[in-house]
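Worksheet: one structure, shown below.
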Amino acid sequence: MTPPAPTGTADTDDDTSRAAPLRNRSFRALLGYRICTILSYQIVAVTVGWHMYAVTGDPWMLGLVGLAEVLPYFCVAPFAGYLVDHLPRRRLGMAAAAGLAVTPVLLALIVLEVMPGSIWLVYLPIALTGMVRAFLGPVYNALFARVLPRAQYVRGASLGSIVFQSALVLGPAIGGALIKPIGIPAVFAIAAGLALLVIVLLARMEVTEPPRPLQREPVFASIAEGGRFVFGHRILLGALALDMFAVLFGGAISLAPAFIHDILAYGPEGLGILRGAPALGAVAIGIWLARNPIQRNAGRVLLAAVAGFGLCMIGFGLSTVFWLSAFFLLLSGICDGVSVVMRSTIMQLATPDHMRGRVSSINGLFVGSSNEIGAFYMGSMARLLGLVPAVVVGGFMTLGVVAVTARTLPALRRLDLRELQSAPAASRHTR
């Protein structure tokens with residue numbers, strides 16, 4: 001059954017409507033939800049990373065931060081997707097934002113020693129962040145399809161990527177720039193305030209919820225249905241797997257605090273610059289893609305972008321000059337920005353509305369969790385091989401992933417987004 005048109009939009013052929021998703025008030029509120037949530041946990045991430053390395057001097061402890069977040073994420077994500085598909089999505093987003101506000105408050109109490117304990121106590125709020133983040137992506141993707149008509153998905157995905165990457169620029173920059181002037185607890189307070197602002201934005205959003213099914217499937221059967229859809233759709237599966245392994249092996253940014261301390265000799269403001277440089281590049285390419293969406297040869301462009309990402313990681317690992325390192329990360333963000341837009345568009349076009357929560361959760365398991373697993377992997381490799389060899393080896397492994405994907409998934413290599421856009425959302429491209 002085709003879902004009703006979202007409030008404030010009409011699924012028409014009007015050219016102005018197709019070209020201007022920002023005229024939709026609910027979509028603007030959704031973008032506000034996205035930027036504030038990402039700003040909040042990015043500020044927390046850069047601040048925790050600085051604090052942990054300053055206290056311990058051990059890059060492996062930075063890797064454990066990622067592991068502490070990803071394990072709860074893995075446990076909660078499948079159930080989060082099920083809940084998003086069966087409960088009011090806007091209310092779930094508000095509840096997740098409230099949980100996101102709790103994390104920096106707890107971290108501030110630990111730093112101030114109001115909650116005394118060892119450095120290991122920091123990992124408990126990070127675990128809470130992992131559980132909360134499991135809801136953020138599925139809520140966003142499900143609401144995306146309710147506030148925009150299908151004709152606007154490509155441009156909407158580009159705008160969403162711009163907002164996403166802008167937050168990745170601003171979050172680390174804000175956190176890194178404010179650590180010294182106002183102190184770590186005050187930075188955590190700012191992160192909590194941004195999370196609370198999300199609740200206000202969602203409360204003001206006008207959006208229709210899909211009709212609830214008369215009969216609910218059992219939880220595990222419903223989750224399995226989402227898994228079968230993703231693994232039966234070769235193009236979607238290939239795009240998710242490509243992104244996951246590229247981020248897993250090429251996640252050098254998690255080692256930025258160690259590079260700042262040991263190789264590049266900069267302060268916390270330099271950490272903010274390095275953490276924000278990839279997102280700045282992604283914002284630039286996102287703006288270009290919003291005006292010039294890629295449709296023809298999309299698969300080849302995606303593969304080339306991920307290969308470029310791997311080359312940039314090799315360059316970053318070999319650089320000993322701060323601004324050259326930042327430049328390589330900027331270029332890596334341009335490549336990653338193309339990948340993000342392509343993957344997001346494929347997912348939105350390929351997924352039926354009643355399954356968006358579950359498919360988005362699986363996407364999170366592939367992509368969102370790979371950042372944290374990649375942080376643990378890179379931290380472990382840095383301890384075994386050293387900082388520079390770990391990053392260079394990861395870049396070469398990313399190039400290997402691209403080569404294998406291009407050879408084994410010809411459907412992805414030949415992808416033209418116009419075919420997906422004209423096909424029903426539930427159709428499968430299995431060959």
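Each chain of the structure tokens is named A, B, ... in the order shown, its residues numbered from 1; ligands are numbered from 1 in display order.
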
Exercise. Assign secondary structure with DSSP using the backbone only, and return the residues of stretch 85-215 of chain A in helix (DSSP H, G or I) as a PyMOL selection string.
Key: chain A and resi 85-86+89-111+119-147+150-182+184-203

File dump, residues just selected, C-alpha atoms, as an mmCIF file, in the first residue's frame:
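File part06.cif, as written:
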```cif
data_model
loop_
_atom_site.group_PDB
_atom_site.id
_atom_site.type_symbol
_atom_site.label_atom_id
_atom_site.label_comp_id
_atom_site.auth_asym_id
_atom_site.auth_seq_id
_atom_site.Cartn_x
_atom_site.Cartn_y
_atom_site.Cartn_z
ATOM 1 C CA ASP A 85 8.759 0.746 12.322
ATOM 2 C CA HIS A 86 6.038 0.088 14.916
ATOM 3 C CA ARG A 89 8.807 7.933 15.132
ATOM 4 C CA ARG A 90 8.804 11.511 16.325
ATOM 5 C CA ARG A 91 8.302 10.512 19.968
ATOM 6 C CA LEU A 92 11.081 7.961 19.745
ATOM 7 C CA GLY A 93 13.364 10.698 18.434
ATOM 8 C CA MET A 94 12.486 12.906 21.392
ATOM 9 C CA ALA A 95 13.217 10.083 23.825
ATOM 10 C CA ALA A 96 16.568 9.399 22.137
ATOM 11 C CA ALA A 97 17.492 13.090 22.354
ATOM 12 C CA ALA A 98 16.747 13.061 26.082
ATOM 13 C CA GLY A 99 19.063 10.074 26.479
ATOM 14 C CA LEU A 100 21.725 11.862 24.441
ATOM 15 C CA ALA A 101 21.593 14.779 26.890
ATOM 16 C CA VAL A 102 22.277 12.489 29.842
ATOM 17 C CA THR A 103 25.684 11.315 28.573
ATOM 18 C CA PRO A 104 27.589 14.645 28.762
ATOM 19 C CA VAL A 105 26.020 15.368 32.145
ATOM 20 C CA LEU A 106 27.402 12.097 33.528
ATOM 21 C CA LEU A 107 30.796 12.735 31.953
ATOM 22 C CA ALA A 108 30.954 16.206 33.484
ATOM 23 C CA LEU A 109 30.183 14.744 36.908
ATOM 24 C CA ILE A 110 32.994 12.213 36.454
ATOM 25 C CA VAL A 111 35.528 14.855 35.382
ATOM 26 C CA ILE A 119 39.405 6.528 34.401
ATOM 27 C CA TRP A 120 37.511 3.388 33.395
ATOM 28 C CA LEU A 121 34.281 4.939 34.708
ATOM 29 C CA VAL A 122 34.242 7.180 31.614
ATOM 30 C CA TYR A 123 33.282 4.201 29.468
ATOM 31 C CA LEU A 124 29.860 3.822 31.123
ATOM 32 C CA PRO A 125 28.349 7.053 29.723
ATOM 33 C CA ILE A 126 29.973 6.238 26.394
ATOM 34 C CA ALA A 127 28.085 2.929 26.419
ATOM 35 C CA LEU A 128 24.848 4.864 26.998
ATOM 36 C CA THR A 129 25.680 7.005 23.957
ATOM 37 C CA GLY A 130 25.973 3.843 21.884
ATOM 38 C CA MET A 131 22.506 2.684 22.941
ATOM 39 C CA VAL A 132 20.927 6.078 22.234
ATOM 40 C CA ARG A 133 22.653 6.498 18.860
ATOM 41 C CA ALA A 134 21.046 3.262 17.700
ATOM 42 C CA PHE A 135 17.768 5.198 17.450
ATOM 43 C CA LEU A 136 19.007 8.443 15.872
ATOM 44 C CA GLY A 137 19.680 7.216 12.326
ATOM 45 C CA PRO A 138 16.529 5.077 11.947
ATOM 46 C CA VAL A 139 14.348 7.932 13.237
ATOM 47 C CA TYR A 140 15.947 10.370 10.792
ATOM 48 C CA ASN A 141 15.621 8.068 7.780
ATOM 49 C CA ALA A 142 12.041 7.118 8.595
ATOM 50 C CA LEU A 143 10.961 10.757 9.048
ATOM 51 C CA PHE A 144 12.875 11.728 5.883
ATOM 52 C CA ALA A 145 10.522 9.601 3.801
ATOM 53 C CA ARG A 146 7.442 11.073 5.544
ATOM 54 C CA VAL A 147 8.300 14.749 5.040
ATOM 55 C CA ARG A 150 9.978 10.589 -3.618
ATOM 56 C CA ALA A 151 10.925 13.030 -6.395
ATOM 57 C CA GLN A 152 12.989 15.022 -3.874
ATOM 58 C CA TYR A 153 14.935 12.111 -2.379
ATOM 59 C CA VAL A 154 18.171 12.669 -4.326
ATOM 60 C CA ARG A 155 18.364 16.382 -3.500
ATOM 61 C CA GLY A 156 17.135 15.763 0.040
ATOM 62 C CA ALA A 157 19.870 13.167 0.586
ATOM 63 C CA SER A 158 22.486 15.671 -0.624
ATOM 64 C CA LEU A 159 21.160 18.353 1.740
ATOM 65 C CA GLY A 160 21.085 15.839 4.574
ATOM 66 C CA SER A 161 24.708 14.970 3.826
ATOM 67 C CA ILE A 162 25.657 18.677 3.890
ATOM 68 C CA VAL A 163 24.051 19.064 7.314
ATOM 69 C CA PHE A 164 25.598 15.816 8.554
ATOM 70 C CA GLN A 165 29.084 16.753 7.429
ATOM 71 C CA SER A 166 28.707 20.360 8.613
ATOM 72 C CA ALA A 167 28.021 19.018 12.073
ATOM 73 C CA LEU A 168 31.111 16.830 11.784
ATOM 74 C CA VAL A 169 33.108 19.972 11.007
ATOM 75 C CA LEU A 170 31.592 22.157 13.703
ATOM 76 C CA GLY A 171 31.382 19.558 16.479
ATOM 77 C CA PRO A 172 35.099 18.767 16.753
ATOM 78 C CA ALA A 173 36.004 22.410 16.090
ATOM 79 C CA ILE A 174 33.735 23.625 18.889
ATOM 80 C CA GLY A 175 34.922 20.947 21.280
ATOM 81 C CA GLY A 176 38.611 21.400 20.491
ATOM 82 C CA ALA A 177 38.450 25.208 20.591
ATOM 83 C CA LEU A 178 36.567 25.411 23.901
ATOM 84 C CA ILE A 179 38.436 22.839 26.000
ATOM 85 C CA LYS A 180 41.098 25.292 27.188
ATOM 86 C CA PRO A 181 39.043 28.522 27.497
ATOM 87 C CA ILE A 182 36.008 27.167 29.380
ATOM 88 C CA ILE A 184 35.896 20.215 29.869
ATOM 89 C CA PRO A 185 32.760 20.259 32.118
ATOM 90 C CA ALA A 186 31.436 23.407 30.410
ATOM 91 C CA VAL A 187 31.974 21.833 26.986
ATOM 92 C CA PHE A 188 29.918 18.848 28.114
ATOM 93 C CA ALA A 189 27.163 21.258 29.243
ATOM 94 C CA ILE A 190 26.992 22.715 25.723
ATOM 95 C CA ALA A 191 26.616 19.209 24.289
ATOM 96 C CA ALA A 192 23.734 18.501 26.685
ATOM 97 C CA GLY A 193 21.996 21.753 25.690
ATOM 98 C CA LEU A 194 22.144 20.841 21.993
ATOM 99 C CA ALA A 195 20.541 17.470 22.696
ATOM 100 C CA LEU A 196 17.711 19.150 24.597
ATOM 101 C CA LEU A 197 17.139 21.542 21.674
ATOM 102 C CA VAL A 198 16.360 18.511 19.515
ATOM 103 C CA ILE A 199 13.308 17.768 21.655
ATOM 104 C CA VAL A 200 11.937 21.254 20.887
ATOM 105 C CA LEU A 201 12.545 20.848 17.145
ATOM 106 C CA LEU A 202 10.770 17.497 16.975
ATOM 107 C CA ALA A 203 7.865 18.778 19.049
#
```

Check which residues of stretch 184-289 of chain A sit at most 10 Å from stretch 409-415 of chain A using only C-alpha atoms, and return one row each with the closest pair of atoms and their distance in Å to one decimal, ordered by chain and rising number, as JSON lines.
```
{"residue": "A:Arg234", "atom": "CA", "partner": "A:Ala411", "partner_atom": "CA", "distance": 7.4}
{"residue": "A:Ile235", "atom": "CA", "partner": "A:Leu412", "partner_atom": "CA", "distance": 5.2}
{"residue": "A:Leu236", "atom": "CA", "partner": "A:Leu412", "partner_atom": "CA", "distance": 8.4}
{"residue": "A:Leu237", "atom": "CA", "partner": "A:Leu412", "partner_atom": "CA", "distance": 9.3}
{"residue": "A:Gly238", "atom": "CA", "partner": "A:Leu412", "partner_atom": "CA", "distance": 6.7}
{"residue": "A:Ala239", "atom": "CA", "partner": "A:Leu412", "partner_atom": "CA", "distance": 7.5}
```

Exercise. Just the residues within 12 Å of A:Ala54, please, counting only C-alpha atoms, with nothing from its chain fewer than 4 positions along; format it as a PyMOL selection string.
Key: chain A and resi 47-50+58-59+61-62+119+257-258+260-262+267-268

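Residues lying within 12 Å of A:Leu67, counting only C-alpha atoms and ignoring same-chain neighbours fewer than 3 positions away, are Trp60, Met61, Leu62, Gly63, Leu64, Val70, Leu71, Pro72, Tyr73, Phe74, Tyr123, Leu124, Ile126, Ala127, Thr129, Gly130, Ser254, Ser369, Ser370, Asn371, Glu372, Ile373, Gly374, Ala375, Phe376, Tyr377, Met378, Gly379 and Ser380 of chain A.
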
Self-check item: Nearest to A:Pro149, chosen from A:Ile253, A:Ala350, A:Pro21, A:Leu399, with only C-alpha atoms counted in the distances
Solution: A:Pro21

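Between atom CA of A:Ala277 and atom CA of A:Leu324 the separation is 11.2 Å.
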